[in-house]
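Raw final_22.txt, compact mmCIF, C-alpha atoms and all ligand atoms:
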```
# COMPACT_ATOMS: atom_id res chain seq x y z
CA MET G 43 51.35 127.26 61.56
CA LEU G 44 53.74 125.72 64.11
CA THR G 45 52.48 123.05 66.52
CA VAL G 46 52.95 123.53 70.25
CA GLU G 47 55.93 121.13 70.19
CA GLU G 48 57.59 122.82 67.20
CA ALA G 49 57.20 126.26 68.78
CA LEU G 50 58.59 125.03 72.09
CA GLN G 51 61.58 123.43 70.35
CA LYS G 52 62.39 126.73 68.64
CA ILE G 53 62.21 128.59 71.94
CA LEU G 54 64.29 126.08 73.87
CA ALA G 55 66.92 126.14 71.11
CA GLU G 56 67.47 129.84 71.83
CA VAL G 57 67.84 129.70 75.62
CA ASN G 58 70.83 128.49 77.58
CA VAL G 59 71.56 127.44 81.13
CA LEU G 60 72.56 130.52 83.13
CA GLU G 61 75.74 131.02 85.15
CA GLU G 62 76.41 129.89 88.70
CA GLU G 63 76.07 132.04 91.79
CA THR G 64 76.66 131.47 95.51
CA VAL G 65 73.66 132.12 97.74
CA PRO G 66 72.64 131.51 101.37
CA ILE G 67 70.90 128.12 101.56
CA MET G 68 67.65 129.82 102.63
CA GLU G 69 67.45 131.53 99.25
CA ALA G 70 68.22 128.46 97.17
CA LEU G 71 64.77 126.86 97.29
CA GLY G 72 63.86 125.62 93.81
CA GLN G 73 67.31 126.32 92.36
CA VAL G 74 69.62 123.68 90.92
CA LEU G 75 72.85 122.71 92.68
CA ALA G 76 75.93 123.72 90.71
CA GLU G 77 78.29 121.68 92.92
CA ASP G 78 78.37 118.31 94.67
CA ILE G 79 77.77 118.69 98.40
CA VAL G 80 80.48 116.67 100.15
CA SER G 81 80.24 116.79 103.92
CA ASN G 82 83.34 117.21 106.02
CA ILE G 83 81.50 115.95 109.08
CA ASN G 84 79.55 112.85 110.04
CA VAL G 85 75.87 113.28 110.87
CA PRO G 86 75.17 112.14 113.49
CA PRO G 87 78.68 112.83 114.75
CA LEU G 88 78.77 109.88 117.19
CA ASP G 89 76.85 106.67 117.77
CA ASN G 90 73.83 107.81 119.80
CA SER G 91 70.63 106.64 121.35
CA ALA G 92 67.39 106.38 119.35
CA MET G 93 65.36 106.15 122.58
CA ASP G 94 65.12 107.48 126.09
CA GLY G 95 66.35 104.56 128.23
CA PHE G 96 69.47 102.93 129.62
CA ALA G 97 72.72 102.24 127.85
CA VAL G 98 73.69 98.68 128.71
CA ARG G 99 75.90 95.77 127.74
CA SER G 100 73.54 93.36 125.94
CA GLU G 101 75.15 90.38 127.64
CA ASP G 102 74.12 91.84 131.01
CA THR G 103 70.46 91.68 129.95
CA ARG G 104 70.50 88.07 128.84
CA GLY G 105 67.40 86.22 130.16
CA ALA G 106 65.70 89.37 131.49
CA ASN G 107 61.88 89.44 131.37
CA GLU G 108 58.95 90.89 133.35
CA LYS G 109 58.95 87.99 135.78
CA ALA G 110 62.69 87.78 136.17
CA PRO G 111 64.11 91.30 135.86
CA ILE G 112 67.82 91.93 135.97
CA THR G 113 69.01 94.73 138.18
CA LEU G 114 71.89 96.97 137.12
CA LYS G 115 73.65 99.74 138.98
CA VAL G 116 73.03 103.20 137.43
CA THR G 117 76.28 105.15 137.35
CA ASP G 118 75.43 108.29 135.36
CA THR G 119 72.87 110.16 133.21
CA VAL G 120 73.70 111.48 129.75
CA VAL G 121 71.56 113.92 127.72
CA ALA G 122 71.63 114.94 124.04
CA GLY G 123 74.67 117.13 123.49
CA GLY G 124 76.43 115.72 126.59
CA ILE G 125 79.16 113.09 126.90
CA SER G 126 79.42 110.61 129.79
CA LYS G 127 82.89 110.19 131.18
CA LYS G 128 81.84 106.91 132.79
CA GLU G 129 82.19 103.54 131.15
CA VAL G 130 79.43 100.93 131.22
CA VAL G 131 81.24 98.11 133.00
CA PRO G 132 79.60 94.72 133.72
CA GLY G 133 76.60 95.02 136.01
CA THR G 134 76.06 98.75 135.34
CA ALA G 135 73.90 100.98 133.13
CA ILE G 136 73.88 104.68 132.22
CA ARG G 137 70.60 106.55 131.95
CA ILE G 138 70.49 108.01 128.41
CA MET G 139 68.22 110.41 126.48
CA THR G 140 67.41 110.32 122.76
CA GLY G 141 70.30 111.71 120.74
CA ALA G 142 72.86 111.37 123.54
CA PRO G 143 76.15 109.67 122.61
CA ILE G 144 76.45 106.02 123.60
CA PRO G 145 78.92 105.74 126.49
CA SER G 146 81.88 103.44 126.05
CA GLY G 147 81.29 99.86 127.10
CA ALA G 148 77.59 99.90 126.16
CA ASP G 149 76.42 98.17 122.98
CA SER G 150 72.66 98.75 123.19
CA VAL G 151 69.90 100.82 124.77
CA VAL G 152 66.95 99.41 126.66
CA GLN G 153 63.98 101.78 126.46
CA PHE G 154 62.35 103.16 129.63
CA GLU G 155 59.19 101.16 128.87
CA ASP G 156 61.17 97.94 129.41
CA THR G 157 62.48 99.06 132.83
CA ASP G 158 61.07 100.14 136.17
CA ASP G 159 62.21 103.73 135.44
CA GLN G 160 58.68 105.08 134.93
CA LYS G 161 57.87 104.13 138.51
CA ASN G 162 60.57 106.57 139.58
CA LYS G 163 59.54 109.19 137.02
CA ASP G 164 58.68 111.96 139.45
CA ALA G 165 61.82 111.58 141.56
CA SER G 166 64.44 114.24 140.87
CA SER G 167 67.73 112.86 139.63
CA ASN G 168 69.51 112.91 143.00
CA GLN G 169 66.60 111.04 144.60
CA ARG G 170 66.57 108.41 141.86
CA PRO G 171 67.52 104.97 143.03
CA GLY G 172 71.03 103.99 142.10
CA GLN G 173 69.72 100.95 140.29
CA VAL G 174 67.31 99.94 137.56
CA SER G 175 65.37 96.76 136.87
CA ILE G 176 65.50 95.62 133.25
CA PHE G 177 62.53 93.62 131.90
CA ALA G 178 63.77 92.76 128.41
CA GLU G 179 66.87 91.52 126.68
CA THR G 180 68.68 93.76 124.22
CA LYS G 181 70.56 92.75 121.12
CA PRO G 182 73.89 94.36 120.25
CA GLY G 183 73.19 97.58 118.32
CA GLN G 184 69.60 97.84 119.52
CA ASN G 185 68.30 101.42 119.61
CA ILE G 186 71.65 102.79 118.49
CA ARG G 187 71.91 105.25 115.60
CA LEU G 188 75.30 104.97 114.00
CA ALA G 189 77.70 107.85 113.43
CA GLY G 190 77.44 109.06 109.82
CA GLU G 191 74.32 106.99 109.08
CA ASP G 192 72.54 110.08 107.69
CA ILE G 193 75.45 112.00 106.18
CA ALA G 194 78.82 110.28 105.86
CA GLN G 195 81.96 112.39 106.12
CA GLY G 196 83.79 112.64 102.78
CA LYS G 197 80.92 111.19 100.74
CA THR G 198 78.74 113.06 98.23
CA THR G 199 75.51 113.87 100.02
CA LEU G 200 73.83 115.79 97.20
CA LYS G 201 74.76 115.64 93.55
CA LYS G 202 75.28 118.61 91.25
CA GLY G 203 72.06 119.05 89.24
CA THR G 204 69.76 118.29 92.18
CA VAL G 205 66.75 120.60 92.48
CA ILE G 206 66.80 122.08 95.99
CA ARG G 207 63.68 121.37 98.06
CA PRO G 208 63.19 122.03 101.79
CA GLN G 209 64.72 118.65 102.64
CA GLU G 210 67.88 119.46 100.66
CA ILE G 211 68.13 122.78 102.52
CA GLY G 212 67.89 120.78 105.76
CA LEU G 213 70.61 118.35 104.63
CA MET G 214 72.97 121.18 103.78
CA ALA G 215 72.28 122.73 107.18
CA SER G 216 73.00 119.37 108.85
CA ALA G 217 76.32 119.28 107.06
CA GLY G 218 77.05 122.80 108.30
CA ARG G 219 76.78 124.52 104.92
CA SER G 220 75.33 128.02 105.02
CA GLN G 221 76.13 129.00 101.42
CA VAL G 222 75.72 126.99 98.26
CA LYS G 223 76.62 127.25 94.60
CA VAL G 224 73.55 127.12 92.35
CA ILE G 225 72.46 128.12 88.84
CA ARG G 226 71.20 131.66 89.13
CA ARG G 227 67.58 132.68 88.66
CA PRO G 228 66.56 134.32 85.38
CA VAL G 229 65.63 137.99 85.50
CA VAL G 230 62.44 138.38 83.48
CA ALA G 231 61.48 141.82 82.18
CA ILE G 232 57.70 142.21 81.92
CA LEU G 233 56.09 144.88 79.76
CA SER G 234 52.39 145.42 79.13
CA THR G 235 51.27 147.14 75.96
CA GLY G 236 48.00 148.91 75.28
CA ASP G 237 46.44 152.38 75.17
CA GLU G 238 43.56 151.02 77.27
CA LEU G 239 45.72 150.06 80.25
CA VAL G 240 45.84 151.92 83.56
CA GLU G 241 48.18 151.28 86.51
CA LEU G 242 46.65 149.85 89.66
CA ASP G 243 46.48 152.86 91.94
CA LYS G 244 45.19 155.24 89.30
CA PRO G 245 41.47 155.96 88.72
CA LEU G 246 39.90 154.26 85.74
CA PRO G 247 38.67 156.67 83.04
CA GLU G 248 35.72 155.46 81.01
CA GLY G 249 36.57 152.54 78.76
CA LYS G 250 39.94 151.84 80.36
CA ILE G 251 41.00 148.70 82.25
CA HIS G 252 43.63 147.90 84.83
CA ASP G 253 46.80 146.20 83.69
CA SER G 254 46.34 142.71 85.13
CA ASN G 255 48.66 140.77 82.83
CA ALA G 256 51.83 142.21 84.32
CA TYR G 257 50.77 140.87 87.69
CA SER G 258 49.55 137.41 86.72
CA ILE G 259 52.69 136.98 84.61
CA ALA G 260 54.95 138.22 87.43
CA GLY G 261 53.21 135.72 89.72
CA LEU G 262 54.03 132.91 87.29
CA VAL G 263 57.63 134.07 86.98
CA LYS G 264 58.02 133.98 90.77
CA ARG G 265 56.22 130.69 91.11
CA TYR G 266 58.65 129.01 88.75
CA GLY G 267 61.74 130.58 90.29
CA GLY G 268 62.48 133.66 88.19
CA ILE G 269 62.88 137.30 89.24
CA PRO G 270 60.31 139.64 87.65
CA ARG G 271 61.46 143.08 86.55
CA MET G 272 58.37 145.24 86.06
CA LEU G 273 58.72 147.65 83.15
CA GLY G 274 55.16 148.98 83.40
CA ILE G 275 52.96 149.91 80.45
CA ALA G 276 53.92 150.97 76.93
CA ARG G 277 51.30 152.83 74.93
CA ASP G 278 50.51 151.58 71.46
CA ASN G 279 52.94 153.79 69.65
CA GLU G 280 56.27 152.98 68.22
CA LYS G 281 58.20 155.67 70.07
CA GLU G 282 57.07 154.52 73.51
CA LEU G 283 57.56 150.87 72.76
CA VAL G 284 61.10 151.39 71.51
CA LYS G 285 61.86 153.53 74.57
CA LYS G 286 60.54 150.89 76.97
CA LEU G 287 62.44 148.13 75.21
CA LYS G 288 65.67 149.99 76.07
CA GLN G 289 64.89 149.40 79.77
CA VAL G 290 65.14 145.67 79.27
CA GLN G 291 68.92 146.13 79.68
CA ASP G 292 70.53 143.00 81.03
CA ALA G 293 67.37 140.93 81.66
CA ASP G 294 67.58 137.28 80.65
CA VAL G 295 64.14 137.18 79.00
CA LEU G 296 61.65 139.80 77.87
CA LEU G 297 57.94 139.07 78.12
CA THR G 298 55.50 141.51 76.57
CA THR G 299 51.76 141.12 76.59
CA GLY G 300 49.44 142.42 73.91
CA GLY G 301 50.18 143.95 70.57
CA VAL G 302 50.70 140.70 68.70
CA SER G 303 47.30 140.22 67.02
CA MET G 304 46.11 141.53 63.68
CA GLY G 305 44.77 144.89 64.91
CA ASP G 306 45.97 148.28 63.68
CA TYR G 307 47.87 148.97 66.89
CA ASP G 308 49.42 145.54 67.30
CA MET G 309 52.95 146.66 66.59
CA VAL G 310 55.01 144.53 68.97
CA LYS G 311 55.60 141.87 66.34
CA ASP G 312 56.38 144.51 63.68
CA ILE G 313 58.99 146.20 65.84
CA LEU G 314 60.39 142.82 66.79
CA ALA G 315 60.73 141.98 63.11
CA ARG G 316 62.30 145.35 62.32
CA ASP G 317 64.64 145.98 65.28
CA GLY G 318 65.21 142.48 66.54
CA GLU G 319 64.94 139.03 65.05
CA MET G 320 61.58 137.35 64.65
CA VAL G 321 61.82 133.56 64.96
CA PHE G 322 58.09 132.80 64.66
CA TRP G 323 54.65 134.31 65.01
CA LYS G 324 51.51 132.23 65.64
CA VAL G 325 51.09 128.76 67.05
CA ARG G 326 48.36 126.19 66.37
CA VAL G 327 46.92 126.55 69.85
CA LYS G 328 43.81 127.94 71.52
CA PRO G 329 43.98 130.14 73.50
CA GLY G 330 47.24 131.77 72.53
CA LYS G 331 47.50 131.68 68.73
CA PRO G 332 49.22 135.05 68.18
CA LEU G 333 52.38 134.20 70.17
CA ALA G 334 55.45 135.95 68.80
CA PHE G 335 58.96 134.77 69.55
CA GLY G 336 62.20 136.46 68.69
CA LYS G 337 65.31 138.10 70.05
CA ILE G 338 66.04 141.71 70.86
CA LYS G 339 69.34 143.44 71.34
CA GLY G 340 70.40 144.00 74.92
CA LYS G 341 73.50 144.17 77.06
CA ASP G 342 74.90 141.73 79.59
CA ARG G 343 76.01 142.75 83.09
CA ASN G 344 79.37 143.86 81.78
CA GLY G 345 77.83 146.03 79.09
CA LYS G 346 78.62 143.57 76.29
CA ALA G 347 76.03 143.20 73.52
CA LYS G 348 73.84 140.14 73.80
CA SER G 349 70.56 139.02 72.32
CA ILE G 350 67.66 138.55 74.69
CA PRO G 351 64.88 136.07 73.98
CA HIS G 352 61.56 137.86 73.68
CA LEU G 353 58.21 136.15 73.99
CA GLY G 354 55.41 138.39 72.79
CA LEU G 355 52.47 136.91 74.68
CA PRO G 356 48.92 137.60 73.53
CA GLY G 357 47.10 140.36 75.40
CA ASN G 358 44.05 138.40 76.40
CA VAL G 359 44.17 137.66 80.10
CA THR G 360 43.89 133.87 79.89
CA SER G 361 45.83 133.53 76.65
CA CYS G 362 48.94 135.08 78.12
CA MET G 363 48.79 132.80 81.16
CA VAL G 364 48.24 129.63 79.12
CA SER G 365 51.02 130.67 76.72
CA PHE G 366 53.27 131.19 79.73
CA GLU G 367 52.59 127.70 81.08
CA LEU G 368 53.21 126.13 77.67
CA PHE G 369 56.20 128.13 76.43
CA VAL G 370 57.74 130.42 79.05
CA ARG G 371 57.83 128.01 81.97
CA PRO G 372 59.94 125.37 80.16
CA ALA G 373 62.31 128.10 78.94
CA LEU G 374 62.79 129.46 82.47
CA LEU G 375 63.32 125.96 83.87
CA LYS G 376 65.92 125.22 81.22
CA MET G 377 67.74 128.47 82.09
CA MET G 378 67.73 127.41 85.75
CA GLY G 379 69.44 124.14 84.83
CA LYS G 380 66.44 121.87 85.34
CA GLN G 381 66.07 118.65 83.36
CA ASN G 382 62.39 117.98 83.77
CA LEU G 383 60.63 120.74 81.88
CA ALA G 384 57.13 119.27 81.55
CA LYS G 385 54.26 119.81 83.93
CA PRO G 386 52.48 116.59 84.89
CA SER G 387 49.60 115.52 82.67
CA ILE G 388 47.08 112.80 83.38
CA ASP G 389 44.20 111.00 81.66
CA VAL G 390 40.80 112.40 82.62
CA ILE G 391 37.22 111.53 81.79
CA ILE G 392 35.63 114.64 80.36
CA GLU G 393 32.22 115.62 81.71
CA ASP G 394 31.41 118.15 78.98
CA THR G 395 31.14 117.86 75.23
CA ILE G 396 33.72 120.08 73.56
CA LYS G 397 33.82 121.00 69.87
CA ASN G 398 37.00 121.98 68.09
CA ASN G 399 36.21 123.98 64.99
CA ALA G 400 39.48 125.89 65.11
CA GLY G 401 41.79 123.08 63.99
CA ARG G 402 44.14 124.15 66.78
CA ARG G 403 45.07 122.37 70.01
CA ILE G 404 42.66 123.53 72.67
CA TYR G 405 43.63 123.99 76.33
CA ASP G 406 40.35 124.54 78.16
CA ARG G 407 40.24 125.51 81.82
CA ALA G 408 38.90 122.67 83.94
CA ILE G 409 38.27 121.48 87.45
CA ILE G 410 39.81 118.04 87.84
CA GLU G 411 38.73 115.75 90.66
CA LYS G 412 39.32 112.15 91.58
CA ARG G 413 36.21 110.10 92.17
CA ASN G 414 35.96 106.32 92.55
CA GLY G 415 39.52 105.87 91.37
CA HIS G 416 39.15 107.95 88.18
CA TYR G 417 40.00 111.53 87.36
CA TYR G 418 37.11 113.59 86.01
CA ALA G 419 37.32 117.01 84.39
CA ARG G 420 34.56 119.56 83.99
CA LEU G 421 34.93 122.95 82.38
CA THR G 422 35.03 125.99 84.62
CA GLY G 423 32.27 127.68 82.59
CA PRO G 424 32.60 130.06 79.63
CA GLN G 425 36.02 129.70 78.05
CA GLY G 426 36.39 133.16 76.48
CA SER G 427 40.02 134.23 76.48
CA GLY G 428 39.08 137.41 78.36
CA ILE G 429 37.66 135.47 81.33
CA LEU G 430 40.42 135.35 83.90
CA SER G 431 38.13 133.93 86.57
CA SER G 432 38.13 130.71 84.51
CA MET G 433 41.84 130.39 85.34
CA SER G 434 41.13 131.07 88.96
CA LEU G 435 38.58 128.25 89.18
CA ALA G 436 40.76 125.79 87.27
CA ASN G 437 43.35 123.37 88.57
CA GLY G 438 44.14 121.98 85.13
CA LEU G 439 43.78 122.43 81.38
CA VAL G 440 42.05 119.74 79.32
CA ILE G 441 43.68 119.17 75.97
CA ILE G 442 41.65 118.69 72.79
CA PRO G 443 44.02 117.67 69.96
CA GLU G 444 44.17 119.91 66.89
CA ASP G 445 42.66 117.29 64.57
CA THR G 446 39.89 116.12 66.89
CA LYS G 447 36.65 117.80 65.86
CA ARG G 448 34.77 116.95 69.01
CA VAL G 449 35.10 115.13 72.29
CA ASN G 450 31.97 113.77 73.93
CA LYS G 451 31.05 113.59 77.55
CA GLY G 452 32.59 110.37 78.89
CA ASP G 453 35.58 110.37 76.50
CA THR G 454 39.09 110.17 77.94
CA VAL G 455 41.42 113.07 77.19
CA GLN G 456 44.72 114.37 78.54
CA ALA G 457 44.83 117.16 81.08
CA LEU G 458 47.79 119.31 81.99
CA MET G 459 47.80 119.86 85.72
CA LEU G 460 48.30 123.45 86.84
CA ASP G 461 48.14 122.47 90.52
CA TRP G 462 47.95 119.28 92.47
CA ASN G 463 45.68 120.68 95.14
CA GLU G 464 43.38 119.11 97.72
CA GLU G 465 40.62 118.72 95.17
CA VAL G 466 42.68 116.39 93.05
CA ASN G 467 43.12 114.13 96.03
CA ILE G 468 45.79 111.79 94.64
P1 LIG G 501 45.87 142.80 72.21
O1 LIG G 501 46.58 141.49 72.08
O2 LIG G 501 46.78 143.93 72.53
O3 LIG G 501 45.02 143.06 71.02
O4 LIG G 501 44.90 142.65 73.44
C1 LIG G 501 43.86 141.67 73.45
C2 LIG G 501 42.93 141.91 74.61
O5 LIG G 501 43.60 141.76 75.82
C3 LIG G 501 42.29 143.28 74.66
O6 LIG G 501 40.96 143.14 75.07
C4 LIG G 501 43.10 144.00 75.69
O7 LIG G 501 42.39 145.03 76.31
C5 LIG G 501 43.43 142.90 76.67
N1 LIG G 501 44.68 143.20 77.34
C6 LIG G 501 45.84 143.49 76.74
N2 LIG G 501 46.81 143.74 77.64
C7 LIG G 501 46.23 143.62 78.86
C8 LIG G 501 46.72 143.76 80.19
N3 LIG G 501 47.99 144.07 80.43
N4 LIG G 501 45.86 143.56 81.22
C9 LIG G 501 44.58 143.22 80.96
N5 LIG G 501 44.06 143.08 79.72
C10 LIG G 501 44.87 143.27 78.67
MG MG G 502 46.67 145.91 72.55
```

Using structure tokens, write down the structure that the file contains.
Ligand code: AMP
Ligand code: MG
Amino acid sequence: MLTVEEALQKILAEVNVLEEETVPIMEALGQVLAEDIVSNINVPPLDNSAMDGFAVRSEDTRGANEKAPITLKVTDTVVAGGISKKEVVPGTAIRIMTGAPIPSGADSVVQFEDTDDQKNKDASSNQRPGQVSIFAETKPGQNIRLAGEDIAQGKTTLKKGTVIRPQEIGLMASAGRSQVKVIRRPVVAILSTGDELVELDKPLPEGKIHDSNAYSIAGLVKRYGGIPRMLGIARDNEKELVKKLKQVQDADVLLTTGGVSMGDYDMVKDILARDGEMVFWKVRVKPGKPLAFGKIKGKDRNGKAKSIPHLGLPGNVTSCMVSFELFVRPALLKMMGKQNLAKPSIDVIIEDTIKNNAGRRIYDRAIIEKRNGHYYARLTGPQGSGILSSMSLANGLVIIPEDTKRVNKGDTVQALMLDWNEEVNI
């Protein structure tokens, strides 16, 4: 049976980076830049003040202190977005607000706190005295933000390949870019299989269950940047399955859940082997052993034949989610042009004793917390693969290697982090 790494290699070998698209910057969160962002403007556009204060010539402030203030004539006020037409000539100052351009002649800004301005705070501007007392010396350049110090005109601000986070969206906005070229998001067709499954708004006949996999899987697809395409439920018969598979059309990936075990009605893998191409079935992992991977025939956007990677995820509610984290997530990230495909893992001290009789790599649901400088992991409770609430309680998966028969309370093991939430407290 394939190891987790071998199975992942086979999957990654069959998926490629998708094409580029141009999108509004607001929609590009989490996507990868497909172009260098070169700004055609400087940000800030002009040298400007980092403080509310007075624009002065530093030589005019030489020797100023609380006991021996220097008095300058105030000739103008300039606010952010304004420009002063006056020049700061010897013996004068211009009142200036944060972000306002430095008037010509000035080489520094003395902040209000180092002047007698606060004393005059409540006076309206035409009642303000025409002079200010300065209590501190300035050095040339003091409190001045230079033109282009954030984004320099003509220089590469963001490199192709960068993953777009909120700060990159802000940088593009600063540079005046409203649209950006990125690697497009994968469209992921999601199909649930099973005679027992009922759609959400329908009543539940005896013995039936709601289809939850389609929704947890769609949530994962969205979380990692893909676009889910919900195909609904296929009953456990060949005709319906084949019909549903036709709806996959131009999707970039097909995910099915269920129908890959050894049961009489588990025909997904058989149809995959017959109508598509089966690359592997079964991985040395728990939960998630009966993972099937192959390719089905589909069409691209222009109607040309293409083969679509198909991951047949196990039907059990936790197995399909764990299989997604291990195998689907890296595939989607690769398609989106990302380089770092691994989720973070850390060393944790296990607080339960766990046996491994299966000879497979175990990923048990755990609550991971930092205490006294160490990470501790305790199981969420029963680990049955039908217990979805165990996923809901967990913020990580503790890993018991395939050839380790048992880990004891107090041993150190690796944990794959599902979330870095408050509880982990890094
Ligand atoms: P299977 O892999 O089809 O044998 O399914 C294994 C288990 O997972 C069975 O108990 C199914 O009822 C359950 N299961 C399969 N598909 C779903 C689904 N879409 N939502 C919730 N449970 C499911
Ligand atoms: Mg089934």

Which residues, written as a PyMOL selection string, have at least one atom at most 8 Å from Gly124 in chain G, with all atoms listed in the file counted and residues fewer than 3 positions away on the same chain left out? chain G and resi 120-121+142-143

Residues of the last selection are to be written out with C-alpha atoms, as a tab-separated table (two decimals), in the frame of the given file.
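Okay, part-v3.tsv is ready:
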```tsv
chain	number	residue	atom	x	y	z
G	120	VAL	CA	73.70	111.48	129.75
G	121	VAL	CA	71.56	113.92	127.72
G	142	ALA	CA	72.86	111.37	123.54
G	143	PRO	CA	76.15	109.67	122.61
```

Within 8 Å of ligand LIG 501 (chain G), which residues show up when you count all atoms listed in the file? List them as a PyMOL selection string, please. chain G and resi 234-236+238-239+251-256+275+299-305+307-308+332+355-359+428

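For Val57 in chain G, the set of protein, DNA and RNA residues having any atom at most 8 Å away, when counting all atoms listed in the file and skipping those fewer than 6 positions along the same chain, is G:Pro351, G:Ala373, G:Lys376, G:Met377.
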
May I ask which of the residues G:Asn344, G:Thr360, G:Gln209, G:Asn450 is the closest one to Ala436 in chain G, counting only C-alpha atoms? G:Thr360

Would you mind telling me which residue in G:Met309, G:Val440, G:Met214, G:Met459 lies nearest to ligand MG 502 (chain G) when using only C-alpha atoms and all ligand atoms?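 Checking each of G:Met309, G:Val440, G:Met214, G:Met459 against ligand MG 502 (chain G), counting only C-alpha atoms and all ligand atoms, the winner is G:Met309.
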
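With only C-alpha atoms and all ligand atoms as the atoms that count, the minimum distance from ligand MG 502 (chain G) to the choices G:Glu444, G:Arg407, G:Ile392, G:Asp306 is reached by G:Asp306.
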
So which residues fall inside 12 Å of (58.6, 153.7, 69.0) if we count all atoms listed in the file? Mind giving them as number ranges by chain? G: 276-288, 307, 309-310, 312-314, 316-317

Hey, can you spit out that residue selection with C-alpha atoms as a PDB file, in the coordinates of the input?
```pdb
ATOM      1  CA  ALA G 276      53.920 150.970  76.930  1.00  0.00           C
ATOM      2  CA  ARG G 277      51.300 152.830  74.930  1.00  0.00           C
ATOM      3  CA  ASP G 278      50.510 151.580  71.460  1.00  0.00           C
ATOM      4  CA  ASN G 279      52.940 153.790  69.650  1.00  0.00           C
ATOM      5  CA  GLU G 280      56.270 152.980  68.220  1.00  0.00           C
ATOM      6  CA  LYS G 281      58.200 155.670  70.070  1.00  0.00           C
ATOM      7  CA  GLU G 282      57.070 154.520  73.510  1.00  0.00           C
ATOM      8  CA  LEU G 283      57.560 150.870  72.760  1.00  0.00           C
ATOM      9  CA  VAL G 284      61.100 151.390  71.510  1.00  0.00           C
ATOM     10  CA  LYS G 285      61.860 153.530  74.570  1.00  0.00           C
ATOM     11  CA  LYS G 286      60.540 150.890  76.970  1.00  0.00           C
ATOM     12  CA  LEU G 287      62.440 148.130  75.210  1.00  0.00           C
ATOM     13  CA  LYS G 288      65.670 149.990  76.070  1.00  0.00           C
ATOM     14  CA  TYR G 307      47.870 148.970  66.890  1.00  0.00           C
ATOM     15  CA  MET G 309      52.950 146.660  66.590  1.00  0.00           C
ATOM     16  CA  VAL G 310      55.010 144.530  68.970  1.00  0.00           C
ATOM     17  CA  ASP G 312      56.380 144.510  63.680  1.00  0.00           C
ATOM     18  CA  ILE G 313      58.990 146.200  65.840  1.00  0.00           C
ATOM     19  CA  LEU G 314      60.390 142.820  66.790  1.00  0.00           C
ATOM     20  CA  ARG G 316      62.300 145.350  62.320  1.00  0.00           C
ATOM     21  CA  ASP G 317      64.640 145.980  65.280  1.00  0.00           C
TER      22      ASP G 317
END
```

Just checking: using all atoms listed in the file, which residue out of G:Asn414, G:Ser387, G:Gln173, G:Ser258 ends up closest to Ser431 in chain G?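 With all atoms listed in the file as the atom set, the closest residue is G:Ser258.
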
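By only C-alpha atoms, and with residues fewer than 6 positions from range 79-85 of chain G along its chain excluded, the set lying at most 7 Å from it is G:Ala189, G:Gly190, G:Glu191, G:Asp192, G:Ile193, G:Ala194, G:Gln195, G:Gly196, G:Lys197, G:Thr198, G:Thr199, G:Leu200, G:Lys201, G:Ala217.
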
Using C-alpha atoms, can you write the selected residues to a file as a PDB file, keeping the file's coordinate frame?
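Here's the written file part_10.pdb:
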```pdb
ATOM      1  CA  ALA G 189      77.700 107.850 113.430  1.00  0.00           C
ATOM      2  CA  GLY G 190      77.440 109.060 109.820  1.00  0.00           C
ATOM      3  CA  GLU G 191      74.320 106.990 109.080  1.00  0.00           C
ATOM      4  CA  ASP G 192      72.540 110.080 107.690  1.00  0.00           C
ATOM      5  CA  ILE G 193      75.450 112.000 106.180  1.00  0.00           C
ATOM      6  CA  ALA G 194      78.820 110.280 105.860  1.00  0.00           C
ATOM      7  CA  GLN G 195      81.960 112.390 106.120  1.00  0.00           C
ATOM      8  CA  GLY G 196      83.790 112.640 102.780  1.00  0.00           C
ATOM      9  CA  LYS G 197      80.920 111.190 100.740  1.00  0.00           C
ATOM     10  CA  THR G 198      78.740 113.060  98.230  1.00  0.00           C
ATOM     11  CA  THR G 199      75.510 113.870 100.020  1.00  0.00           C
ATOM     12  CA  LEU G 200      73.830 115.790  97.200  1.00  0.00           C
ATOM     13  CA  LYS G 201      74.760 115.640  93.550  1.00  0.00           C
ATOM     14  CA  ALA G 217      76.320 119.280 107.060  1.00  0.00           C
TER      15      ALA G 217
END
```

For a quick check of understanding, using all atoms listed in the file, which of G:Val263, G:Leu439, G:Ile112, G:Leu75 has the smallest distance to Arg371 in chain G?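 Among G:Val263, G:Leu439, G:Ile112, G:Leu75, it is G:Val263 that comes nearest to Arg371 in chain G.
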
Just so I have it separately, write range 332-345 of chain G from the block I sent, keeping C-alpha atoms, as a PDB file, in the first residue's frame.
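Output file part.pdb follows:
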```pdb
ATOM      1  CA  PRO G 332      -9.760   3.645   0.774  1.00  0.00           C
ATOM      2  CA  LEU G 333      -8.719   6.786  -1.143  1.00  0.00           C
ATOM      3  CA  ALA G 334      -8.984   6.338  -4.899  1.00  0.00           C
ATOM      4  CA  PHE G 335      -7.148   8.561  -7.341  1.00  0.00           C
ATOM      5  CA  GLY G 336      -7.471   8.644 -11.082  1.00  0.00           C
ATOM      6  CA  LYS G 337      -8.495  10.697 -14.075  1.00  0.00           C
ATOM      7  CA  ILE G 338     -11.801  10.972 -15.856  1.00  0.00           C
ATOM      8  CA  LYS G 339     -12.574  12.291 -19.291  1.00  0.00           C
ATOM      9  CA  GLY G 340     -13.913  15.815 -19.445  1.00  0.00           C
ATOM     10  CA  LYS G 341     -13.860  18.873 -21.657  1.00  0.00           C
ATOM     11  CA  ASP G 342     -12.057  22.171 -21.266  1.00  0.00           C
ATOM     12  CA  ARG G 343     -13.772  25.557 -21.654  1.00  0.00           C
ATOM     13  CA  ASN G 344     -13.390  25.386 -25.407  1.00  0.00           C
ATOM     14  CA  GLY G 345     -14.943  21.943 -25.616  1.00  0.00           C
TER      15      GLY G 345
END
```
